[in-house]
Structures are given as C-alpha cells and as structure tokens.
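Colleague: So that you have it, the file is input-v7.cif, and it contains mmCIF, C-alpha atoms and all ligand atoms:
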```cif
data_target
#
loop_
_atom_site.label_atom_id
_atom_site.label_comp_id
_atom_site.auth_asym_id
_atom_site.auth_seq_id
_atom_site.Cartn_x
_atom_site.Cartn_y
_atom_site.Cartn_z
CA MET A 1 78.48 -10.50 -124.65
CA LYS A 2 82.21 -10.56 -123.95
CA LEU A 3 84.34 -7.46 -123.61
CA TYR A 4 88.04 -8.04 -124.26
CA ILE A 5 90.24 -5.59 -122.38
CA LEU A 6 93.77 -4.67 -121.45
CA PRO A 7 93.65 -3.38 -117.85
CA GLY A 8 93.50 0.43 -117.75
CA ALA A 9 93.57 0.76 -121.55
CA CYS A 10 90.93 2.49 -123.69
CA SER A 11 88.68 -0.57 -123.30
CA LEU A 12 87.95 0.75 -119.79
CA ALA A 13 85.47 3.16 -121.41
CA SER A 14 83.38 0.26 -122.75
CA ASN A 15 83.70 -1.58 -119.45
CA VAL A 16 82.18 1.44 -117.68
CA ALA A 17 79.57 2.03 -120.42
CA LEU A 18 78.29 -1.56 -120.26
CA ARG A 19 77.78 -1.19 -116.51
CA GLU A 20 76.08 2.21 -116.92
CA ALA A 21 73.81 0.60 -119.53
CA GLY A 22 72.94 -2.23 -117.15
CA ILE A 23 74.07 -4.88 -119.67
CA LYS A 24 75.32 -8.24 -118.44
CA PHE A 25 78.67 -9.18 -119.96
CA ASP A 26 81.81 -11.18 -119.36
CA LEU A 27 85.01 -9.21 -118.87
CA VAL A 28 87.91 -11.01 -120.55
CA LYS A 29 91.44 -9.79 -119.87
CA VAL A 30 94.13 -10.06 -122.54
CA ASP A 31 97.76 -10.62 -121.54
CA ARG A 32 99.78 -7.87 -123.23
CA LYS A 33 102.84 -10.11 -123.68
CA THR A 34 101.47 -13.55 -124.47
CA ARG A 35 98.40 -12.24 -126.37
CA ARG A 36 96.34 -14.92 -124.63
CA THR A 37 92.96 -14.15 -123.11
CA ASP A 38 92.20 -15.23 -119.58
CA ASP A 39 89.61 -17.64 -120.99
CA GLY A 40 92.37 -19.40 -122.91
CA MET A 41 92.11 -17.97 -126.46
CA ASP A 42 94.61 -16.39 -128.83
CA PHE A 43 93.43 -12.76 -128.83
CA ASP A 44 94.82 -12.06 -132.31
CA GLU A 45 92.42 -14.68 -133.65
CA ILE A 46 89.51 -12.90 -131.97
CA ASN A 47 90.53 -9.48 -133.30
CA SER A 48 93.10 -9.72 -136.08
CA LYS A 49 93.79 -5.99 -135.59
CA GLY A 50 95.34 -7.06 -132.29
CA TYR A 51 93.90 -4.31 -130.14
CA VAL A 52 91.15 -3.70 -127.60
CA PRO A 53 88.32 -2.97 -127.17
CA ALA A 54 86.79 -5.96 -128.89
CA LEU A 55 83.19 -6.80 -128.13
CA GLY A 56 82.19 -10.41 -128.74
CA LEU A 57 78.48 -10.44 -129.56
CA ASP A 58 76.14 -13.30 -128.79
CA ASN A 59 75.76 -14.08 -132.54
CA GLY A 60 79.52 -14.69 -132.82
CA GLU A 61 80.43 -11.37 -134.46
CA VAL A 62 83.20 -9.24 -133.00
CA LEU A 63 82.82 -5.46 -132.98
CA THR A 64 85.87 -3.21 -132.68
CA GLU A 65 86.81 0.50 -132.56
CA ASN A 66 85.97 2.61 -129.50
CA VAL A 67 83.74 5.05 -131.36
CA THR A 68 81.60 2.19 -132.71
CA VAL A 69 81.64 -0.11 -129.69
CA LEU A 70 80.58 2.70 -127.34
CA GLN A 71 77.63 3.67 -129.53
CA TYR A 72 76.65 0.02 -129.96
CA ILE A 73 76.55 -0.35 -126.16
CA ALA A 74 74.47 2.82 -125.77
CA ASP A 75 72.00 1.64 -128.41
CA ARG A 76 71.45 -1.70 -126.65
CA ASN A 77 69.59 0.14 -123.88
CA PRO A 78 68.11 3.47 -125.06
CA ALA A 79 66.39 3.91 -121.68
CA ALA A 80 69.80 4.49 -120.08
CA LYS A 81 70.17 7.58 -122.36
CA LEU A 82 73.88 6.99 -122.96
CA ALA A 83 73.51 8.37 -126.50
CA PRO A 84 70.91 10.61 -128.14
CA PRO A 85 68.71 8.85 -130.73
CA ALA A 86 70.38 8.08 -134.10
CA GLY A 87 69.72 10.67 -136.78
CA THR A 88 69.30 13.60 -134.39
CA MET A 89 71.66 16.57 -134.35
CA GLU A 90 72.56 15.65 -130.78
CA ARG A 91 73.73 12.21 -131.96
CA TYR A 92 76.10 13.89 -134.42
CA ARG A 93 77.38 16.04 -131.54
CA LEU A 94 78.08 12.88 -129.57
CA GLN A 95 79.92 11.41 -132.57
CA GLU A 96 81.87 14.66 -132.84
CA TRP A 97 83.01 14.22 -129.20
CA LEU A 98 83.84 10.55 -129.62
CA SER A 99 85.88 11.27 -132.76
CA PHE A 100 87.70 14.13 -131.05
CA ILE A 101 88.62 12.00 -128.04
CA ASN A 102 89.64 9.11 -130.27
CA SER A 103 91.77 10.79 -132.89
CA GLU A 104 92.91 13.97 -131.16
CA VAL A 105 93.50 12.86 -127.57
CA HIS A 106 93.58 9.05 -127.22
CA LYS A 107 95.93 8.47 -130.13
CA ALA A 108 98.16 11.39 -129.12
CA PHE A 109 98.96 9.50 -125.89
CA SER A 110 100.27 6.42 -127.74
CA PRO A 111 103.90 7.59 -128.19
CA LEU A 112 104.11 8.30 -124.44
CA PHE A 113 103.41 4.64 -123.65
CA GLN A 114 105.94 3.35 -126.16
CA ASP A 115 109.68 3.25 -126.49
CA THR A 116 109.87 6.41 -128.60
CA SER A 117 112.50 9.14 -128.79
CA ALA A 118 112.52 12.16 -126.47
CA ASP A 119 111.59 14.36 -129.46
CA THR A 120 108.57 12.22 -130.28
CA LYS A 121 107.46 12.29 -126.65
CA GLN A 122 107.89 16.06 -126.51
CA TYR A 123 105.81 16.43 -129.66
CA ALA A 124 103.10 14.18 -128.18
CA ARG A 125 103.00 16.18 -124.93
CA ALA A 126 102.71 19.46 -126.82
CA TYR A 127 99.93 18.01 -128.98
CA ILE A 128 97.97 16.71 -125.98
CA THR A 129 98.46 20.03 -124.18
CA LYS A 130 97.04 21.96 -127.14
CA ARG A 131 93.98 19.70 -127.31
CA LEU A 132 93.38 19.72 -123.54
CA ASN A 133 93.75 23.52 -123.44
CA TRP A 134 90.93 23.68 -125.96
CA LEU A 135 88.89 21.05 -124.18
CA GLN A 136 89.17 22.90 -120.86
CA GLY A 137 87.50 25.93 -122.50
CA ALA A 138 84.89 23.81 -124.29
CA MET A 139 83.90 22.05 -121.05
CA GLY A 140 83.24 25.38 -119.34
CA SER A 141 80.76 24.84 -116.53
CA LYS A 142 79.17 21.71 -118.04
CA THR A 143 78.80 18.63 -115.85
CA PHE A 144 79.33 16.22 -118.75
CA LEU A 145 80.67 16.60 -122.28
CA MET A 146 77.13 16.83 -123.69
CA GLY A 147 75.88 19.13 -120.93
CA GLU A 148 73.75 17.74 -118.12
CA GLN A 149 73.26 14.30 -119.68
CA TYR A 150 75.93 11.64 -119.10
CA THR A 151 76.79 9.81 -122.34
CA VAL A 152 79.31 7.20 -123.49
CA ALA A 153 81.71 10.03 -124.38
CA ASP A 154 82.24 10.69 -120.66
CA PRO A 155 83.85 7.37 -119.64
CA TYR A 156 85.99 7.62 -122.78
CA LEU A 157 87.31 11.04 -121.80
CA PHE A 158 87.72 9.82 -118.20
CA THR A 159 89.82 6.91 -119.47
CA VAL A 160 92.24 9.03 -121.48
CA LEU A 161 92.58 11.65 -118.73
CA ASN A 162 93.32 8.80 -116.34
CA TRP A 163 96.47 8.01 -118.35
CA GLY A 164 98.03 11.30 -117.21
CA ARG A 165 99.28 9.62 -114.01
CA PHE A 166 101.06 6.87 -115.97
CA VAL A 167 102.94 9.21 -118.30
CA ASP A 168 103.69 11.99 -115.82
CA LEU A 169 101.24 14.47 -117.32
CA ASP A 170 99.63 16.48 -114.52
CA ILE A 171 95.93 16.81 -115.32
CA GLY A 172 95.77 19.35 -112.45
CA GLN A 173 97.00 22.02 -114.89
CA TRP A 174 93.45 21.86 -116.34
CA PRO A 175 91.27 22.34 -113.21
CA THR A 176 87.99 21.88 -115.11
CA LEU A 177 89.19 18.59 -116.58
CA LYS A 178 90.57 17.47 -113.23
CA ARG A 179 87.16 18.07 -111.64
CA PHE A 180 85.50 16.19 -114.51
CA HIS A 181 87.91 13.28 -113.98
CA GLU A 182 87.09 13.23 -110.25
CA ARG A 183 83.35 13.46 -110.96
CA ILE A 184 83.30 10.54 -113.40
CA GLY A 185 85.78 8.58 -111.28
CA ALA A 186 83.44 8.82 -108.28
CA ARG A 187 80.51 7.20 -110.13
CA PRO A 188 79.85 3.72 -108.76
CA HIS A 189 80.05 2.07 -112.19
CA THR A 190 83.43 3.66 -112.89
CA THR A 191 84.80 2.41 -109.58
CA GLU A 192 83.33 -1.03 -110.25
CA ALA A 193 84.96 -1.19 -113.69
CA LEU A 194 88.35 -0.02 -112.37
CA LYS A 195 88.21 -2.67 -109.67
CA ALA A 196 87.18 -5.38 -112.12
CA GLU A 197 90.25 -4.53 -114.24
CA GLY A 198 92.50 -4.58 -111.19
CA VAL A 199 93.44 -0.93 -111.72
CA LEU A 200 91.85 0.08 -108.41
CA LYS A 201 92.16 -2.06 -105.31
N1 LIG A 301 91.49 2.40 -133.39
C1 LIG A 301 91.32 1.65 -132.16
C2 LIG A 301 92.58 1.77 -131.32
C3 LIG A 301 92.44 1.02 -130.02
C4 LIG A 301 93.73 1.05 -129.22
O1 LIG A 301 94.56 1.97 -129.37
N2 LIG A 301 93.89 0.07 -128.34
C5 LIG A 301 95.13 -0.08 -127.56
C6 LIG A 301 94.87 0.14 -126.07
S1 LIG A 301 94.29 1.78 -125.70
C7 LIG A 301 95.63 -1.49 -127.72
O2 LIG A 301 94.90 -2.44 -127.57
N3 LIG A 301 96.93 -1.63 -128.06
C8 LIG A 301 97.53 -2.93 -128.24
C9 LIG A 301 98.54 -3.25 -127.22
O3 LIG A 301 98.81 -2.42 -126.35
O4 LIG A 301 99.07 -4.36 -127.27
C10 LIG A 301 90.11 2.15 -131.40
O5 LIG A 301 89.88 3.36 -131.37
O6 LIG A 301 89.38 1.32 -130.82
#
```
How would this structure read if it were set down as structure tokens?
Modeller:
Amino acid sequence: MKLYILPGACSLASNVALREAGIKFDLVKVDRKTRRTDDGMDFDEINSKGYVPALGLDNGEVLTENVTVLQYIADRNPAAKLAPPAGTMERYRLQEWLSFINSEVHKAFSPLFQDTSADTKQYARAYITKRLNWLQGAMGSKTFLMGEQYTVADPYLFTVLNWGRFVDLDIGQWPTLKRFHERIGARPHTTEALKAEGVLK
C-alpha cells in the first residue's frame, strides 16, 4: 500500500491510522508546487482530483476521500478496533463523526489556508468557532470521540485541530479540545507519523 500525502495536511489522519492499525505501507510525499511525488510520479495522474489523501492499493486501485480511506484502513485490521463492525449502530455513529469533521470542520479551514479576502476569512473563523463550540460540549468528559474506544475519527479530529497553529486560531479557547489534541498528539503512532511527514523534528 502507498499513502500519498502533503505534509501536515488531512492525509496525516490516514498516516496515523495506518500505524495504529499496524499496516505496513509506503509514505509518498507530494510536492505542492510541482505536483510530483517523491517517487517520481505526476500526482495528478495518480489522483485526477489532485488532492490527498490517496491510498494506492496493492491491486493497482487508488482510493480517495478521507471518510472512505479511514474506514478502509480500519477494516483492514478489525482486531485493532479502529472502527465498529459495519452495519452496527456504532458504525453509523463513527460515520456521523467522520462526516462532521470532514464537511463541517476540515473544509471550513480551507479559506484560511488560501489567498482569500478578509471577509471570507472572517466568515470561515466564525464558522469554525461555531462548530468547535458545539464539539467542545459534545466531547464532554469523553477520552475519544466515540467514548473510551479510540477510532479513526480521532486522528482526523487531531489533524484539523492541529491546523489552528498555522492559521492563528487558538485551540486553547476550547480547553476540552485542547486536552484531546494533547492526548492524541502524545500517542506514539501520532508522533511517528508527524516525524515521518517532517512536521515534527
Ligand atoms: N474531499 C477530500 C478533500 C481532501 C483535501 O481537502 N485535501 C487537501 C489537503 S487537506 C489537498 O490535498 N489539497 C490540494 C492542495 O493543497 O494542493 C477528502 O475529504 O478527502
């Protein structure tokens, strides 16, 4: 398996999840400007959507979209319990979390990373704030998003909270989320993934 990533981007969640699942894989960095991969390919030919994560499977297929890739990884090793079994109510709850992080938080950050107007950035900040206010309440005293069981939703939330430092959004205003970020960040596989991407020295 090959995981195509942009350092520190949303693909970090899959990088962590693969390690938590104990799956062997090759980490392939994509150059944001040249669009070349560090194994010498044109990334846009690998994923014509042009974005990460992209998971190159051993049968030659390429799987994309965070919500799908993360569940695919979890299902490769059920013993790691990174996702509840398919068809259970708990699995739908996991999908609910993944969808929330993807469409309500992850995508809300995008304008803050781009050359957008001050108004657009202000709107994005207000949107993220509203969602994180809600999330802070929903997390309550839970250790992980799904309760006491770590799932693939956790490295995804960690990844998007981690962007706060790059866009001057102080996650400390949500103490519960800050503690969650510290907790997930301290896991050995998170540290390993951050180092592999060159985000952490
Ligand atoms: N719908 C996609 C969006 C993925 C996405 O937004 N990827 C960003 C990084 S977080 C990306 O690769 N952007 C292209 C670029 O920055 O050149 C998903 O959820 O997987």
Colleague: Within 9 Å of ligand LIG 301 (chain A), counting all atoms listed in the file: which residues, as JSON, numbers by chain?
Modeller: {"A": [5, 6, 8, 9, 10, 11, 12, 30, 31, 32, 33, 35, 49, 50, 51, 52, 53, 54, 64, 65, 66, 67, 68, 69, 99, 102, 103, 106, 107, 110, 113, 160]}
Colleague: My list of candidates is A:Ala74, A:Lys2, A:Glu61, A:Ser14. Which is closest to A:Thr37 when distances are computed with only C-alpha atoms?
Modeller: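 Residue with the minimum atom-to-atom distance to A:Thr37: A:Lys2.
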Colleague: When you look at A:Pro84 with a cut-off of 10 Å (counting only C-alpha atoms), what residues show up, excluding the ones that are within fewer than 3 positions of it in the same chain? I need them as a PyMOL selection string.
Modeller: chain A and resi 71+74-75+78+81+87-94+146+149+151
Colleague: Figure out the distance between atom CA of A:Lys29 and atom CA of A:Glu197, please, to one decimal in Å.
Modeller: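 Distance between the two atoms: 7.8 Å.
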Colleague: Quick one: distance from atom CA of A:Ala186 to atom CA of A:Asp38 in Å, one decimal?
Modeller: 28.0 Å
Colleague: Which one is closest to A:Arg19: A:Asn77, A:Thr159, A:Thr34, A:Ser48? Count all atoms listed in the file.
Modeller: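 Under the stated criterion, the closest residue is A:Asn77.
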Colleague: What gap, in Å, lies between atom CA of A:Asn162 and atom CA of A:Val16?
Modeller: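 Separation between atom CA of A:Asn162 and atom CA of A:Val16: 13.4 Å.
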Colleague: Kindly indicate which residue among A:Thr120, A:Thr191, A:Gln173, A:Asn15 lies nearest to A:Leu132, using all atoms listed in the file for the distances.
Modeller: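 Selected residue with least distance to A:Leu132: A:Gln173.
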Colleague: Need to verify the contact set: A:Asp58, 12 Å, all atoms listed in the file, exclusion of same-chain residues closer than 6 positions in sequence. Can you return it as a ChimeraX atom specification?
Modeller: /A:1-3,24-26
Colleague: Give me, as a list in words, all polymer residues having an atom no more than 8 Å from A:Phe158, counting only C-alpha atoms and skipping those fewer than 4 positions away in the same chain.
Modeller: Ala13, Asp154, Asn162, Phe180, His181, Ile184 and Gly185 of chain A
Colleague: Using all atoms listed in the file, which residues sit within 12 Å of A:Gln122 once same-chain residues fewer than 4 positions away are excluded, as a PyMOL selection string?
Modeller: chain A and resi 108-109+111-112+116-118+126-129+167+169
Colleague: Counting all atoms listed in the file, which of A:Arg36, A:Leu55, A:Glu20, A:Gln136 gets nearest to A:Leu82?
Modeller: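 Of all the options, A:Glu20 lies closest to A:Leu82.
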Colleague: Missing atoms in stretch 79-93 of chain A should be modelled up to N, CA, C and O atoms and reported as a PDB file, in the coordinates of the input.
Modeller:
```
ATOM      1  N   ALA A  79      66.953   3.336-122.916  1.00  0.00           N
ATOM      2  CA  ALA A  79      66.390   3.910-121.680  1.00  0.00           C
ATOM      3  C   ALA A  79      67.469   4.479-120.777  1.00  0.00           C
ATOM      4  O   ALA A  79      67.204   5.380-119.976  1.00  0.00           O
ATOM      5  N   ALA A  80      68.699   3.983-120.916  1.00  0.00           N
ATOM      6  CA  ALA A  80      69.800   4.490-120.080  1.00  0.00           C
ATOM      7  C   ALA A  80      70.285   5.855-120.579  1.00  0.00           C
ATOM      8  O   ALA A  80      71.094   6.511-119.902  1.00  0.00           O
ATOM      9  N   LYS A  81      69.851   6.252-121.787  1.00  0.00           N
ATOM     10  CA  LYS A  81      70.170   7.580-122.360  1.00  0.00           C
ATOM     11  C   LYS A  81      71.682   7.836-122.434  1.00  0.00           C
ATOM     12  O   LYS A  81      72.154   8.937-122.107  1.00  0.00           O
ATOM     13  N   LEU A  82      72.421   6.819-122.852  1.00  0.00           N
ATOM     14  CA  LEU A  82      73.880   6.990-122.960  1.00  0.00           C
ATOM     15  C   LEU A  82      74.271   7.595-124.298  1.00  0.00           C
ATOM     16  O   LEU A  82      75.437   7.925-124.514  1.00  0.00           O
ATOM     17  N   ALA A  83      73.290   7.696-125.207  1.00  0.00           N
ATOM     18  CA  ALA A  83      73.510   8.370-126.500  1.00  0.00           C
ATOM     19  C   ALA A  83      72.168   8.915-126.965  1.00  0.00           C
ATOM     20  O   ALA A  83      71.142   8.248-126.791  1.00  0.00           O
ATOM     21  N   PRO A  84      72.166  10.097-127.580  1.00  0.00           N
ATOM     22  CA  PRO A  84      70.910  10.610-128.140  1.00  0.00           C
ATOM     23  C   PRO A  84      70.459   9.701-129.302  1.00  0.00           C
ATOM     24  O   PRO A  84      71.297   8.989-129.871  1.00  0.00           O
ATOM     25  N   PRO A  85      69.184   9.722-129.653  1.00  0.00           N
ATOM     26  CA  PRO A  85      68.710   8.850-130.730  1.00  0.00           C
ATOM     27  C   PRO A  85      69.458   9.088-132.053  1.00  0.00           C
ATOM     28  O   PRO A  85      69.813  10.222-132.384  1.00  0.00           O
ATOM     29  N   ALA A  86      69.687   7.989-132.801  1.00  0.00           N
ATOM     30  CA  ALA A  86      70.380   8.080-134.100  1.00  0.00           C
ATOM     31  C   ALA A  86      69.611   9.008-135.029  1.00  0.00           C
ATOM     32  O   ALA A  86      68.380   9.030-135.026  1.00  0.00           O
ATOM     33  N   GLY A  87      70.347   9.786-135.800  1.00  0.00           N
ATOM     34  CA  GLY A  87      69.720  10.670-136.780  1.00  0.00           C
ATOM     35  C   GLY A  87      69.444  12.062-136.253  1.00  0.00           C
ATOM     36  O   GLY A  87      69.156  12.977-137.026  1.00  0.00           O
ATOM     37  N   THR A  88      69.538  12.252-134.945  1.00  0.00           N
ATOM     38  CA  THR A  88      69.300  13.600-134.390  1.00  0.00           C
ATOM     39  C   THR A  88      70.619  14.385-134.418  1.00  0.00           C
ATOM     40  O   THR A  88      71.710  13.809-134.467  1.00  0.00           O
ATOM     41  N   MET A  89      70.474  15.701-134.377  1.00  0.00           N
ATOM     42  CA  MET A  89      71.660  16.570-134.350  1.00  0.00           C
ATOM     43  C   MET A  89      72.513  16.264-133.126  1.00  0.00           C
ATOM     44  O   MET A  89      73.746  16.265-133.182  1.00  0.00           O
ATOM     45  N   GLU A  90      71.841  15.959-132.022  1.00  0.00           N
ATOM     46  CA  GLU A  90      72.560  15.650-130.780  1.00  0.00           C
ATOM     47  C   GLU A  90      73.422  14.394-130.942  1.00  0.00           C
ATOM     48  O   GLU A  90      74.491  14.300-130.363  1.00  0.00           O
ATOM     49  N   ARG A  91      72.929  13.433-131.749  1.00  0.00           N
ATOM     50  CA  ARG A  91      73.730  12.210-131.960  1.00  0.00           C
ATOM     51  C   ARG A  91      75.014  12.569-132.722  1.00  0.00           C
ATOM     52  O   ARG A  91      76.080  12.047-132.431  1.00  0.00           O
ATOM     53  N   TYR A  92      74.879  13.481-133.697  1.00  0.00           N
ATOM     54  CA  TYR A  92      76.100  13.890-134.420  1.00  0.00           C
ATOM     55  C   TYR A  92      77.062  14.609-133.480  1.00  0.00           C
ATOM     56  O   TYR A  92      78.265  14.483-133.616  1.00  0.00           O
ATOM     57  N   ARG A  93      76.505  15.353-132.527  1.00  0.00           N
ATOM     58  CA  ARG A  93      77.380  16.040-131.540  1.00  0.00           C
ATOM     59  C   ARG A  93      78.125  15.005-130.694  1.00  0.00           C
ATOM     60  O   ARG A  93      79.305  15.182-130.392  1.00  0.00           O
TER      61      ARG A  93
END
```
